[in-house]
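A.B. asks: Data file input.txt (compact mmCIF, C-alpha atoms) is appended below.
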# COMPACT_ATOMS: atom_id res chain seq x y z
CA MET M 1 -8.55 10.63 -21.52
CA ALA M 2 -11.76 12.50 -22.29
CA ASN M 3 -10.06 13.80 -25.42
CA ASP M 4 -9.02 10.30 -26.47
CA LEU M 5 -11.83 9.19 -28.78
CA PHE M 6 -10.71 5.58 -28.65
CA GLY M 7 -11.06 5.17 -24.86
CA GLY M 8 -7.42 4.76 -23.85
CA LEU M 9 -5.83 3.81 -27.14
CA GLY M 10 -3.67 6.93 -27.11
CA GLY M 11 -0.85 5.07 -25.37
CA LEU M 12 -1.10 2.23 -27.86
CA VAL M 13 -1.00 4.63 -30.79
CA ARG M 14 1.95 6.42 -29.20
CA GLY M 15 3.78 3.10 -28.79
CA LEU M 16 3.05 1.97 -32.33
CA SER M 17 4.10 5.30 -33.83
CA GLY M 18 7.68 4.48 -32.80
CA PHE M 19 7.65 1.72 -35.43
CA MET M 20 6.46 4.07 -38.17
CA PRO M 21 8.70 6.30 -40.27
CA GLN M 22 9.04 9.53 -38.27
CA ASP M 23 9.46 11.69 -41.37
CA ASP M 24 6.00 10.66 -42.63
CA PRO M 25 3.65 13.68 -42.35
CA ASP M 26 0.76 11.48 -41.14
CA VAL M 27 2.90 10.01 -38.36
CA LYS M 28 4.04 13.49 -37.37
CA LEU M 29 0.40 14.69 -37.24
CA MET M 30 -0.63 11.66 -35.19
CA ASN M 31 2.23 12.19 -32.72
CA LEU M 32 1.39 15.88 -32.35
CA GLN M 33 -2.32 15.13 -31.83
CA THR M 34 -1.46 12.56 -29.18
CA ARG M 35 0.87 14.98 -27.42
CA LEU M 36 -1.76 17.71 -27.56
CA GLY M 37 -4.35 15.34 -26.05
CA ASP M 38 -1.94 14.41 -23.25
CA LEU M 39 -1.28 18.08 -22.47
CA ARG M 40 -5.01 18.84 -22.41
CA GLY M 41 -5.44 16.00 -19.94
CA GLU M 42 -2.71 17.46 -17.73
CA GLU M 43 -4.40 20.88 -17.95
CA THR M 44 -7.75 19.39 -16.92
CA ALA M 45 -6.14 17.63 -13.95
CA ALA M 46 -4.42 20.85 -12.85
CA LEU M 47 -7.67 22.85 -13.16
CA ALA M 48 -9.51 20.19 -11.16
CA GLU M 49 -6.94 20.48 -8.38
CA VAL M 50 -7.30 24.28 -8.36
CA GLY M 51 -11.08 23.89 -8.18
CA LYS M 52 -10.84 21.45 -5.26
CA GLN M 53 -8.61 23.83 -3.35
CA ALA M 54 -10.85 26.83 -4.10
CA LEU M 55 -13.98 25.01 -2.90
CA ALA M 56 -12.21 23.89 0.26
CA GLU M 57 -10.77 27.32 1.00
CA PHE M 58 -13.83 29.41 0.09
CA PRO M 59 -16.97 27.37 0.92
CA GLY M 60 -20.19 28.97 -0.29
CA ARG M 61 -18.43 31.30 -2.70
CA PHE M 62 -19.25 29.21 -5.76
CA PRO M 63 -22.88 28.14 -5.15
CA GLU M 64 -23.67 27.11 -8.74
CA GLN M 65 -20.57 24.96 -9.03
CA GLU M 66 -21.14 23.48 -5.57
CA ALA M 67 -24.73 22.58 -6.53
CA GLU M 68 -23.49 20.98 -9.76
CA LEU M 69 -20.85 19.07 -7.79
CA ALA M 70 -23.51 17.83 -5.35
CA ARG M 71 -25.69 16.73 -8.28
CA VAL M 72 -22.81 14.86 -9.90
CA ARG M 73 -21.83 13.25 -6.59
CA GLY M 74 -25.42 12.07 -6.13
CA LYS M 75 -25.38 10.51 -9.59
CA LEU M 76 -21.99 8.98 -8.83
CA ALA M 77 -23.30 7.40 -5.61
CA ALA M 78 -26.33 6.03 -7.49
CA ALA M 79 -24.11 4.61 -10.24
CA GLU M 80 -21.80 2.99 -7.66
CA ALA M 81 -24.82 1.41 -5.93
CA GLU M 82 -26.11 0.15 -9.27
CA LEU M 83 -22.68 -1.31 -10.08
CA LYS M 84 -22.54 -3.05 -6.70
CA GLY M 85 -26.03 -4.50 -7.29
CA ALA M 86 -25.03 -5.72 -10.75
CA GLN M 87 -21.88 -7.32 -9.34
CA GLN M 88 -23.91 -9.08 -6.63
CA ALA M 89 -26.43 -10.30 -9.22
CA ARG M 90 -23.61 -11.64 -11.37
CA GLN M 91 -22.08 -13.39 -8.37
CA GLN M 92 -25.44 -14.97 -7.49
CA THR M 93 -25.87 -16.14 -11.10
CA GLU M 94 -22.40 -17.68 -11.07
CA GLN M 95 -23.13 -19.45 -7.78
CA ALA M 96 -26.41 -20.79 -9.17
CA GLN M 97 -24.58 -22.06 -12.26
CA LYS M 98 -22.00 -23.80 -10.06
CA ARG M 99 -24.80 -25.43 -8.04
CA GLU M 100 -26.47 -26.61 -11.27
CA GLU M 101 -23.12 -27.94 -12.50
CA ALA M 102 -22.65 -29.79 -9.20
CA LEU M 103 -26.07 -31.42 -9.58
CA CYS M 104 -25.02 -32.84 -12.96
CA THR M 105 -21.53 -33.92 -11.88
CA CYS M 106 -21.25 -37.36 -10.34
CA PRO M 107 -19.99 -37.21 -6.76
CA ARG M 108 -18.39 -40.65 -7.15
CA CYS M 109 -16.58 -40.53 -10.50
CA GLY M 110 -16.79 -36.83 -11.51
CA PHE M 111 -18.51 -37.53 -14.84
CA ARG M 112 -20.52 -34.56 -16.23
CA ASN M 113 -24.02 -35.86 -16.95
CA PRO M 114 -26.71 -34.10 -19.04
CA ASP M 115 -29.34 -32.02 -17.25
CA GLY M 116 -32.31 -33.90 -15.83
CA VAL M 117 -30.45 -37.18 -15.29
CA ARG M 118 -30.90 -38.58 -11.77
CA PHE M 119 -28.23 -41.30 -11.91
CA CYS M 120 -24.70 -41.10 -13.34
CA GLN M 121 -24.49 -42.45 -16.86
CA GLU M 122 -20.88 -43.48 -16.23
CA CYS M 123 -21.01 -45.34 -12.89
CA GLY M 124 -24.69 -45.41 -11.87
CA ALA M 125 -24.28 -43.38 -8.65
CA LYS M 126 -27.21 -41.21 -7.53
CA LEU M 127 -26.72 -37.60 -8.58
CA GLY M 128 -27.34 -34.61 -6.38
CA PRO M 129 -25.33 -32.58 -3.95
CA ALA M 130 -22.76 -34.74 -2.18
CA VAL M 131 -23.08 -34.46 1.59
CA CYS M 132 -20.91 -35.77 4.40
CA ARG M 133 -22.34 -38.91 5.95
CA ALA M 134 -21.16 -37.79 9.39
CA CYS M 135 -22.06 -34.10 9.63
CA GLY M 136 -24.19 -33.33 6.55
CA ALA M 137 -21.85 -30.66 5.13
CA GLU M 138 -22.00 -30.22 1.36
CA LEU M 139 -18.99 -31.76 -0.38
CA ALA M 140 -17.34 -31.15 -3.73
CA PRO M 141 -17.57 -34.05 -6.20
CA GLY M 142 -14.91 -36.69 -5.57
CA THR M 143 -14.15 -35.53 -2.01
CA ARG M 144 -12.57 -38.32 0.06
CA PHE M 145 -12.57 -36.54 3.44
CA CYS M 146 -15.03 -33.95 4.78
CA GLY M 147 -13.52 -30.48 5.12
CA ALA M 148 -15.88 -29.66 8.00
CA CYS M 149 -15.46 -32.70 10.27
CA GLY M 150 -12.70 -34.77 8.65
CA ALA M 151 -14.80 -37.90 8.25
CA LYS M 152 -13.70 -40.30 5.51
CA GLN M 153 -16.24 -40.52 2.71
CA GLU M 154 -16.63 -44.09 1.52
CA ASP M 155 -17.30 -44.93 -2.11
Since I need it in another form, could you write the structure as structure tokens?

C.D. replies:
Amino acid sequence: MANDLFGGLGGLVRGLSGFMPQDDPDVKLMNLQTRLGDLRGEETAALAEVGKQALAEFPGRFPEQEAELARVRGKLAAAEAELKGAQQARQQTEQAQKREEALCTCPRCGFRNPDGVRFCQECGAKLGPAVCRACGAELAPGTRFCGACGAKQED
């Protein structure tokens, strides 16, 4: 994959080359380059496995490589933490957007009102988060029975 300049398009190119005339010199070159890239990938995977086994069997024998591996693993851990933080931030943003959407959606009729409107422009109901009259749980717009306590929500 590291040799695939198009980030994973090698398989696509390989699949499409079956539709091209196989006696075309350009198609032949493309097929050979793809095959060569695949074989280099297999070689890299095999060398990585040998390296893993050598490090496990002979600890301390390859100090420079072990230090490099520790450095890379540290960067990997930092990148994974950064990814997790970005995913959490995205999730929080999506939740905030859903809350904003709920504030603009009429709990009685489901009409989507413009931002800043306090009463539904379709039916006149007061906008805001719908809450159960019995237990106070937040309800989705148009809910007829509370999911928390089962109380019927009257219109």

A.B. asks: Of the candidates M:Ala130, M:Cys120, M:Ala137, M:Leu39, which shows the shortest atom-to-atom distance to Arg99 in chain M, using all atoms listed in the file?

C.D. replies: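 Ranked by minimum distance to Arg99 in chain M, first place goes to M:Ala130.
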
A.B. asks: Just give me the residues with any atom within 8 Å of (-20.4, -29.9, -3.9), file coordinates, counting only C-alpha atoms, written as a ChimeraX atom specification.

C.D. replies: /M:99,102,107,129-131,138-141

A.B. asks: If you measure from CA of Cys135 in chain M to CA of Leu103 in chain M, what distance in Å do you get, rounded to one decimal?

C.D. replies: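 Atom-to-atom, CA of Cys135 in chain M to CA of Leu103 in chain M, that is 19.8 Å.
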
A.B. asks: Excluding range 110-116 of chain M and residues on its chain fewer than 5 positions from it, collect all residues at most 7 Å away from it, counting only C-alpha atoms, and give them as a PyMOL selection string.

C.D. replies: chain M and resi 104-105+121-122+141-142

A.B. asks: Quick one, how far is CA of Lys152 in chain M from CA of Ala134 in chain M?

C.D. replies: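 These two atoms are separated by 8.8 Å.
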
A.B. asks: Can you work out the spacing between CA of Val72 in chain M and CA of Thr44 in chain M in Å, to one decimal?

C.D. replies: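 Result for CA of Val72 in chain M versus CA of Thr44 in chain M: 17.2 Å, one decimal.
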